[in-house]
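> Attaching a single structure in structure tokens format; questions to follow.
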Amino acid sequence: MPGILPFARMALALVLAAWLPFGASAQEAFKEFKQLDTTAKMPKLNAFIAPGSATQGAALHEVEIEAKLTADGQPVEDGLSWYVFSPIAGADGKLPLVASARGGAAAFQLAPGDYLVNVSFGRAGVTRKVNVPDSGKLDKQVMVLDAGGLLLNAVSGSDVRIRPDQLRFSIYSSEVRDDGERGLVTADVSPNTVVRLNAGTYHIVSEYGDVNAVIRADIQVEAGGLTEATIQHRAAQITFKLVSEAGGEAIADTAWSILTAAGDSVGESVSAFPTMVLAEGEYSAVARNKDKIYQRDFKVEAGKNTDVEVLMKNEQPQEPASAATTLQQEPQPSAAGERQSSAQAPLPSYEQLLPGSGTTGADTD
């Protein structure tokens with residue numbers, strides 16, 4: 001599939017929609033979506049010039065400059081940030097800012113000399129050295145960003161739409177540093193948001209909900225185009241209810257702990273009917289109400305949002321109709337002369353079911 005590199009731990013179907021060649025139509029595509037790091041459209045302007053940056057009495061020359069996404073593309077009309085620096089570091093070790101501007105093409109009044117000009121377009125940017133001659137007119141400067149746009153979205157299962165407030169993306173560099181981490185480019189990106197990036201490969205982390213539904217993918221961003229990617233989550237939204245009978249009202253003041261098949265806790269809540277997004281797999285729902293603990297095993301299937309009812313009964317039908325089991329009851333007095341069986345192991349307490357108690361299965365990554 002063009003534009004996507006294989007990722008070993010990835011359980012997803014990633015669909016790249018049309019890659020739009022960057023021209024007038026592509027510029028419109030960039031404007032149709034909410035954008036990161038945009039600025040209001042501004043005309044070409046004579047930008048801010050830092051006081052004292054020009055030699056007193058020196059003749060200033062107009063330097064016109066514009067930016068393109070690709071060498072043969074059209075000039076970017078807005079959303080640019082321009083910064084002009086002196087190449088000689090100041091006393092603080094930093095390059096002094098000489099001038100700045102925002103908008104599209106810019107025109108600076110600069111004294112003769114060398115400058116470093118930086119232009120950024122969202123998360124994309126490039127720096128170039130510019131020499132302003134003592135005399136004569138300087139040709140218009142054109143800077144090529146070699147950048148494109150990335151628009152991310154996701155579905156649950158094959159085609160179940162995910163509410164935007166439940167979905168977040170983080171974009172990382174593709175290279176892994178010596179410490180084993182990747183450089184973060186931008187975090188908390190909302191779906192249907194165009195992120196402007198330099199051309200290259202990026203590592204995308206998609207989070208559905210806030211429990212364990214996380215998908216990773218490597219995506220190629222092409223210069224001069226808008227890359228649209230839809231990530232497929234293998235997860236579903238589950239609502240839990242403790243009820244006295246099937247289909248009954250949820251019982252308030254219930255503490256919940258959701259465990260994986262290995263016994264690891266992935267989510268906790270104190271609510272009558274908490275809702276969690278869980279990755280596909282097998283789980284146990286443990287409900288505590290008035291010092292009694294009930295449990296039900298259940299299975300999450302991708303894209304199948306459902307309710308899980310835990311019944312307050314000793315014996316329950318098996319999945320999928322209902323499957324709740326009372327794990328711990330109030331102690332019952334023994335009948336006179338009745339001997340307790342020594343063969344039955346004691347039931348675990350609620351504290352023993354919590355992660356870190358030493359009674360659960362082995363930890364997993």
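By order of appearance in the structure tokens: chains A, B, ..., then residues from 1 within every chain, and ligands from 1 in the order shown.
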Compile a residue-level contact table for segment 89-170 of chain A against segment 200-212 of chain A at a cut-off of 6 Å, reporting for every qualifying residue the shortest atom pair and its distance in Å to one decimal, with only C-alpha atoms counted, rows ordered by chain and ascending number, as CSV.

```
residue,atom,partner,partner_atom,distance
A:Gln166,CA,A:Gly209,CA,5.0
A:Leu167,CA,A:Tyr208,CA,4.8
A:Arg168,CA,A:Glu207,CA,5.3
A:Phe169,CA,A:Ser206,CA,4.6
A:Ser170,CA,A:Val205,CA,5.2
```
> Please determine, counting only C-alpha atoms, which residue among A:Val214, A:Val308, A:Val277, A:Ile88 has the shortest atom-to-atom distance to Gln237 of chain A.
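Ranked by minimum distance to Gln237 of chain A, first place goes to A:Val277.
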> Leaving out Lys129 of chain A and any residue of its chain fewer than 3 positions from it, which residues lie within 9 Å of it when counting only C-alpha atoms, given as a count of residues only?
6
> For Val142 of chain A, list every protein, DNA or RNA residue within 10 Å, evaluated using only C-alpha atoms, and leave out those in the same chain fewer than 6 positions away; present the list as a list in words.
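Contacts, in chain order: Glu64, Ile65, Glu66, Ala67, Lys68, Ala71, Pro75, Ala105 and Arg128 of chain A.
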> What is the atom CA of Ser81 of chain A to atom CA of Ala59 of chain A distance in Å?
25.7 Å
> What separation in Å, quoted to one decimal, exists between atom CA of Thr227 of chain A and atom CA of Gly148 of chain A?
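Taking atom CA of Thr227 of chain A and atom CA of Gly148 of chain A, their separation equals 7.7 Å.
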> What's the separation between atom CA of Arg123 of chain A and atom CA of Gly93 of chain A, in Å to one decimal place?
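About the pair atom CA of Arg123 of chain A and atom CA of Gly93 of chain A: they are 25.0 Å apart.
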